[in-house]
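target00.csv (CSV, N, CA and C atoms)
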```csv
chain,number,residue,atom,x,y,z
Y,1,MET,N,112.2,23.5,81.7
Y,1,MET,CA,112.7,23.9,80.4
Y,1,MET,C,113.5,22.8,79.7
Y,2,SER,N,113.2,22.5,78.5
Y,2,SER,CA,113.9,21.4,77.8
Y,2,SER,C,115.2,21.9,77.3
Y,3,VAL,N,116.1,20.9,76.9
Y,3,VAL,CA,117.4,21.3,76.3
Y,3,VAL,C,117.2,22.1,75.0
Y,4,TYR,N,116.2,21.7,74.2
Y,4,TYR,CA,115.9,22.3,72.9
Y,4,TYR,C,115.5,23.8,73.1
Y,5,GLU,N,114.6,24.0,74.1
Y,5,GLU,CA,114.2,25.4,74.4
Y,5,GLU,C,115.4,26.2,74.9
Y,6,ARG,N,116.2,25.6,75.7
Y,6,ARG,CA,117.4,26.4,76.2
Y,6,ARG,C,118.3,26.7,75.1
Y,7,ALA,N,118.6,25.8,74.2
Y,7,ALA,CA,119.4,26.0,73.1
Y,7,ALA,C,118.9,27.1,72.1
Y,8,ALA,N,117.6,27.1,71.9
Y,8,ALA,CA,116.9,28.1,71.1
Y,8,ALA,C,117.1,29.5,71.7
Y,9,MET,N,116.9,29.5,73.1
Y,9,MET,CA,117.0,30.8,73.8
Y,9,MET,C,118.5,31.3,73.7
Y,10,VAL,N,119.4,30.5,73.9
Y,10,VAL,CA,120.9,30.9,73.8
Y,10,VAL,C,121.2,31.3,72.4
Y,11,ASN,N,120.6,30.6,71.4
Y,11,ASN,CA,120.9,30.9,70.0
Y,11,ASN,C,120.3,32.3,69.7
Y,12,GLY,N,119.1,32.6,70.2
Y,12,GLY,CA,118.5,34.0,70.0
Y,12,GLY,C,119.4,35.0,70.6
Y,13,ILE,N,119.9,34.8,71.8
Y,13,ILE,CA,120.7,35.8,72.5
Y,13,ILE,C,122.0,36.0,71.8
Y,14,VAL,N,122.6,34.9,71.3
Y,14,VAL,CA,123.9,35.1,70.5
Y,14,VAL,C,123.6,35.8,69.3
Y,15,LYS,N,122.6,35.5,68.6
Y,15,LYS,CA,122.2,36.3,67.3
Y,15,LYS,C,122.0,37.8,67.6
Y,16,ALA,N,121.3,38.1,68.7
Y,16,ALA,CA,121.0,39.5,69.0
Y,16,ALA,C,122.4,40.2,69.4
Y,17,PHE,N,123.2,39.5,70.1
Y,17,PHE,CA,124.5,40.0,70.5
Y,17,PHE,C,125.4,40.3,69.3
Y,18,VAL,N,125.5,39.3,68.4
Y,18,VAL,CA,126.3,39.5,67.2
Y,18,VAL,C,125.8,40.6,66.3
Y,19,GLY,N,124.4,40.7,66.2
Y,19,GLY,CA,123.8,41.8,65.4
Y,19,GLY,C,124.1,43.1,66.1
Y,20,PHE,N,124.1,43.2,67.4
Y,20,PHE,CA,124.4,44.4,68.1
Y,20,PHE,C,125.9,44.8,67.9
Y,21,MET,N,126.8,43.9,68.0
Y,21,MET,CA,128.2,44.2,67.8
Y,21,MET,C,128.5,44.6,66.4
Y,22,LEU,N,127.8,44.0,65.4
Y,22,LEU,CA,128.0,44.4,64.0
Y,22,LEU,C,127.5,45.9,63.8
Y,23,MET,N,126.4,46.2,64.4
Y,23,MET,CA,125.8,47.5,64.3
Y,23,MET,C,126.8,48.6,64.9
Y,24,ILE,N,127.4,48.2,66.1
Y,24,ILE,CA,128.3,49.1,66.7
Y,24,ILE,C,129.6,49.3,65.9
Y,25,THR,N,130.0,48.2,65.3
Y,25,THR,CA,131.2,48.3,64.4
Y,25,THR,C,130.9,49.1,63.2
Y,26,LYS,N,129.8,49.0,62.6
Y,26,LYS,CA,129.4,49.8,61.4
Y,26,LYS,C,129.3,51.3,61.8
Y,27,LEU,N,128.7,51.6,62.9
Y,27,LEU,CA,128.6,53.0,63.4
Y,27,LEU,C,130.0,53.5,63.7
Y,28,PHE,N,130.8,52.7,64.3
Y,28,PHE,CA,132.2,53.2,64.7
Y,28,PHE,C,133.0,53.5,63.4
Y,29,SER,N,132.9,52.6,62.5
Y,29,SER,CA,133.7,52.8,61.2
Y,29,SER,C,133.1,54.0,60.4
Y,30,PHE,N,131.8,54.2,60.5
Y,30,PHE,CA,131.2,55.3,59.8
Y,30,PHE,C,131.6,56.6,60.4
Y,31,PHE,N,131.7,56.7,61.7
Y,31,PHE,CA,132.1,57.9,62.4
Y,31,PHE,C,133.6,58.2,62.3
Y,32,SER,N,134.4,57.1,62.2
Y,32,SER,CA,135.8,57.3,62.1
Y,32,SER,C,136.2,57.8,60.7
Y,33,HIS,N,135.4,57.4,59.7
Y,33,HIS,CA,135.7,57.7,58.3
Y,33,HIS,C,135.3,59.2,58.1
Y,34,SER,N,134.3,59.7,58.7
Y,34,SER,CA,133.8,61.0,58.5
Y,34,SER,C,134.4,62.0,59.6
```

Representation of the structure as structure tokens:
Amino acid sequence: MSVYERAAMVNGIVKAFVGFMLMITKLFSFFSHS
């Protein structure tokens, strides 16, 4: 595996994790407001 492939894989994982955390935060704020 090349450095570029590894960087692309890590970037994808980070993006998925950030998106997941944002979704959880939105759901949490939605439920706490209602």

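Computed from the coordinates, the atom CA of Y:Phe20 to atom N of Y:Ser32 distance equals 17.2 Å.
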
(message) If I take atom CA of Y:Ser29 and atom CA of Y:Gly12, how far is one from the other in Å, to one decimal?
(response) 25.7 Å

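Between atom CA of Y:Ser2 and atom CA of Y:Ala16 lies a distance of 21.3 Å.
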